[in-house]
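Undergrad: One structure, pasted below without further comment.
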Amino acid sequence: MGHKEFMAEAVRLATESVENGWGGPFGTVITMNGDILARGQNRVLLTGDPTAHGEVEAIRKAIQILNPHAPSIAQDNNNASTLELVPRPEGSPDPLPERARMLMGCTLYTSGAPCPMCMSAIYWSRIDTVYFGADLEATRKIGFDDAFQYEDFRKPLDQRRIRIEQIHPELGAEAYNAWTSKPDNHPY
């Protein structure tokens, strides 16, 4: 299969989501080594979960496929999963010398340009490449306008649409200290 077939599958999933009333026209496939690893569809209307976007659903499924024994990973299988530590890529601004592999080596195909939430999930999952069908302008024209989020992120915290402020940093520091003092913490 090639780019066109993978994108066609993402669009088929998006169309199925619309036809079934599950959510918007957003479908996703994640590939690895030229094969489809996982599929996802927008299921916001089906579940009432605003995070049930096609990209996030596909990422969750890909992780489940690659980590079939997830509950036991933290105890004894970190290096046999997406949590395997790999060196930071050359030229990366990452301050740590290694991080968990996550979905490195994977490619994501999606029917529409990813929203800010999905792009964040894509970055965190370390997917190598993203291909999309419809661009942000086409997505805006059908009523899914994410531009305000991209714009809001650029503003100082006190000027954002949602009230966001830091309180009791000393309490937050307790959890951070637990992480940094744990000798076997696992960077991800």
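To be explicit about the labels: the chains of the structure tokens are called A, B, and onward in the order shown, and within each one the residues are counted from 1, while ligands get numbers from 1 in the order they are shown.
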Go through region 94-137 of chain A and collect every residue that DSSP, computed from the backbone, puts in strand (DSSP E); the answer should be as an MDAnalysis selection string.
TA: chainID A and resid 98:100 106:112 129:134
Undergrad: Do you know which residues are at most 8 Å from Arg126 (chain A) counting only C-alpha atoms, after dropping those on the same chain fewer than 6 positions away, and could you put them as a list in words?
TA: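 The contact residues come out as Arg101, Met102, Leu103 and Met104 of chain A.
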Undergrad: Counting only C-alpha atoms, what is within 12 Å of Ile162 (chain A), bar same-chain residues fewer than 4 positions away, as a PyMOL selection string?
TA: chain A and resi 148-149+152-153+155-158
Undergrad: From the DSSP assignment of the backbone, select every residue of chain A that is alpha helix (DSSP H), and format the answer as a PyMOL selection string.
TA: chain A and resi 3-19+44-47+54-66+70-72+116-125+136-141+147-153+169-181
Undergrad: Between CA of Gln64 (chain A) and CA of Glu19 (chain A), what is the distance in Å, rounded to a tenth?
TA: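 Interatomic distance here is 26.7 Å.
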Undergrad: Find the residues around Gly21 (chain A) up to 12 Å (only C-alpha atoms counted), leave out those fewer than 5 positions away in its own chain, and share them as a VMD selection string.
TA: chain A and resid 14 to 16 41 to 48
Undergrad: Keeping all heavy atoms for every residue in the selection just given, could you write it to a file as a PDB file, in the first residue's frame?
TA:
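Contents of again12.pdb, as written:
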```pdb
ATOM      1  N   ALA A  14     -13.375   8.319   8.098  1.00  0.00           N
ATOM      2  CA  ALA A  14     -14.016   9.608   8.367  1.00  0.00           C
ATOM      3  C   ALA A  14     -15.455   9.609   7.872  1.00  0.00           C
ATOM      4  O   ALA A  14     -16.376  10.044   8.583  1.00  0.00           O
ATOM      5  CB  ALA A  14     -13.226  10.735   7.699  1.00  0.00           C
ATOM      6  N   THR A  15     -15.651   9.105   6.675  1.00  0.00           N
ATOM      7  CA  THR A  15     -16.992   9.057   6.085  1.00  0.00           C
ATOM      8  C   THR A  15     -17.905   8.137   6.883  1.00  0.00           C
ATOM      9  O   THR A  15     -19.071   8.455   7.138  1.00  0.00           O
ATOM     10  CB  THR A  15     -16.897   8.605   4.614  1.00  0.00           C
ATOM     11  OG1 THR A  15     -16.012   9.499   3.924  1.00  0.00           O
ATOM     12  CG2 THR A  15     -18.252   8.600   3.945  1.00  0.00           C
ATOM     13  N   GLU A  16     -17.376   7.005   7.321  1.00  0.00           N
ATOM     14  CA  GLU A  16     -18.149   6.076   8.145  1.00  0.00           C
ATOM     15  C   GLU A  16     -18.578   6.742   9.455  1.00  0.00           C
ATOM     16  O   GLU A  16     -19.714   6.563   9.908  1.00  0.00           O
ATOM     17  CB  GLU A  16     -17.318   4.825   8.430  1.00  0.00           C
ATOM     18  CG  GLU A  16     -18.055   3.781   9.254  1.00  0.00           C
ATOM     19  CD  GLU A  16     -17.204   2.553   9.505  1.00  0.00           C
ATOM     20  OE1 GLU A  16     -16.129   2.671  10.136  1.00  0.00           O
ATOM     21  OE2 GLU A  16     -17.622   1.461   9.063  1.00  0.00           O
ATOM     22  N   GLN A  41     -11.258   6.868  14.422  1.00  0.00           N
ATOM     23  CA  GLN A  41     -12.324   7.697  13.859  1.00  0.00           C
ATOM     24  C   GLN A  41     -12.777   8.690  14.908  1.00  0.00           C
ATOM     25  O   GLN A  41     -12.728   8.396  16.103  1.00  0.00           O
ATOM     26  CB  GLN A  41     -13.531   6.839  13.479  1.00  0.00           C
ATOM     27  CG  GLN A  41     -13.241   5.834  12.405  1.00  0.00           C
ATOM     28  CD  GLN A  41     -14.347   4.800  12.323  1.00  0.00           C
ATOM     29  OE1 GLN A  41     -14.438   3.935  13.177  1.00  0.00           O
ATOM     30  NE2 GLN A  41     -15.163   4.894  11.294  1.00  0.00           N
ATOM     31  N   ASN A  42     -13.267   9.827  14.445  1.00  0.00           N
ATOM     32  CA  ASN A  42     -13.846  10.777  15.372  1.00  0.00           C
ATOM     33  C   ASN A  42     -15.107  10.143  15.949  1.00  0.00           C
ATOM     34  O   ASN A  42     -15.984   9.692  15.224  1.00  0.00           O
ATOM     35  CB  ASN A  42     -14.182  12.082  14.652  1.00  0.00           C
ATOM     36  CG  ASN A  42     -14.665  13.132  15.613  1.00  0.00           C
ATOM     37  OD1 ASN A  42     -15.756  13.033  16.144  1.00  0.00           O
ATOM     38  ND2 ASN A  42     -13.850  14.147  15.832  1.00  0.00           N
ATOM     39  N   ARG A  43     -15.169  10.078  17.268  1.00  0.00           N
ATOM     40  CA  ARG A  43     -16.306   9.480  17.964  1.00  0.00           C
ATOM     41  C   ARG A  43     -16.827  10.395  19.074  1.00  0.00           C
ATOM     42  O   ARG A  43     -17.337   9.931  20.085  1.00  0.00           O
ATOM     43  CB  ARG A  43     -15.910   8.118  18.519  1.00  0.00           C
ATOM     44  CG  ARG A  43     -15.646   7.127  17.387  1.00  0.00           C
ATOM     45  CD  ARG A  43     -15.174   5.800  17.883  1.00  0.00           C
ATOM     46  NE  ARG A  43     -14.933   4.940  16.723  1.00  0.00           N
ATOM     47  CZ  ARG A  43     -15.409   3.713  16.618  1.00  0.00           C
ATOM     48  NH1 ARG A  43     -16.124   3.181  17.569  1.00  0.00           N
ATOM     49  NH2 ARG A  43     -15.151   3.007  15.550  1.00  0.00           N
ATOM     50  N   VAL A  44     -16.677  11.693  18.863  1.00  0.00           N
ATOM     51  CA  VAL A  44     -17.106  12.664  19.864  1.00  0.00           C
ATOM     52  C   VAL A  44     -18.605  12.559  20.115  1.00  0.00           C
ATOM     53  O   VAL A  44     -19.051  12.556  21.266  1.00  0.00           O
ATOM     54  CB  VAL A  44     -16.697  14.094  19.459  1.00  0.00           C
ATOM     55  CG1 VAL A  44     -17.326  15.132  20.381  1.00  0.00           C
ATOM     56  CG2 VAL A  44     -15.175  14.228  19.459  1.00  0.00           C
ATOM     57  N   LEU A  45     -19.408  12.472  19.064  1.00  0.00           N
ATOM     58  CA  LEU A  45     -20.861  12.387  19.243  1.00  0.00           C
ATOM     59  C   LEU A  45     -21.287  11.038  19.806  1.00  0.00           C
ATOM     60  O   LEU A  45     -22.273  10.951  20.541  1.00  0.00           O
ATOM     61  CB  LEU A  45     -21.585  12.658  17.920  1.00  0.00           C
ATOM     62  CG  LEU A  45     -21.383  14.063  17.353  1.00  0.00           C
ATOM     63  CD1 LEU A  45     -22.057  14.179  15.987  1.00  0.00           C
ATOM     64  CD2 LEU A  45     -21.906  15.122  18.316  1.00  0.00           C
ATOM     65  N   LEU A  46     -20.570   9.999  19.494  1.00  0.00           N
ATOM     66  CA  LEU A  46     -20.884   8.668  20.001  1.00  0.00           C
ATOM     67  C   LEU A  46     -20.606   8.566  21.500  1.00  0.00           C
ATOM     68  O   LEU A  46     -21.381   7.972  22.250  1.00  0.00           O
ATOM     69  CB  LEU A  46     -20.062   7.616  19.243  1.00  0.00           C
ATOM     70  CG  LEU A  46     -20.243   6.153  19.667  1.00  0.00           C
ATOM     71  CD1 LEU A  46     -21.651   5.679  19.317  1.00  0.00           C
ATOM     72  CD2 LEU A  46     -19.201   5.283  18.984  1.00  0.00           C
ATOM     73  N   THR A  47     -19.498   9.161  21.938  1.00  0.00           N
ATOM     74  CA  THR A  47     -19.061   8.997  23.321  1.00  0.00           C
ATOM     75  C   THR A  47     -19.320  10.200  24.220  1.00  0.00           C
ATOM     76  O   THR A  47     -19.321  10.070  25.439  1.00  0.00           O
ATOM     77  CB  THR A  47     -17.547   8.727  23.360  1.00  0.00           C
ATOM     78  OG1 THR A  47     -16.869   9.897  22.852  1.00  0.00           O
ATOM     79  CG2 THR A  47     -17.173   7.504  22.538  1.00  0.00           C
ATOM     80  N   GLY A  48     -19.481  11.387  23.625  1.00  0.00           N
ATOM     81  CA  GLY A  48     -19.566  12.607  24.413  1.00  0.00           C
ATOM     82  C   GLY A  48     -18.209  13.038  24.936  1.00  0.00           C
ATOM     83  O   GLY A  48     -18.099  13.970  25.732  1.00  0.00           O
TER      84      GLY A  48
END
```
Undergrad: For the atom pair CA of Pro114 (chain A) and CA of Met1 (chain A), what is the interatomic distance in Å to one decimal place?
TA: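 The value is 22.6 Å.
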Undergrad: Of the residues A:Asp49, A:Glu5, A:Asp135, A:Asp35, which is the one nearest to Gly112 (chain A), using only C-alpha atoms?
TA: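 That would be A:Asp135, the residue with the smallest distance to Gly112 (chain A).
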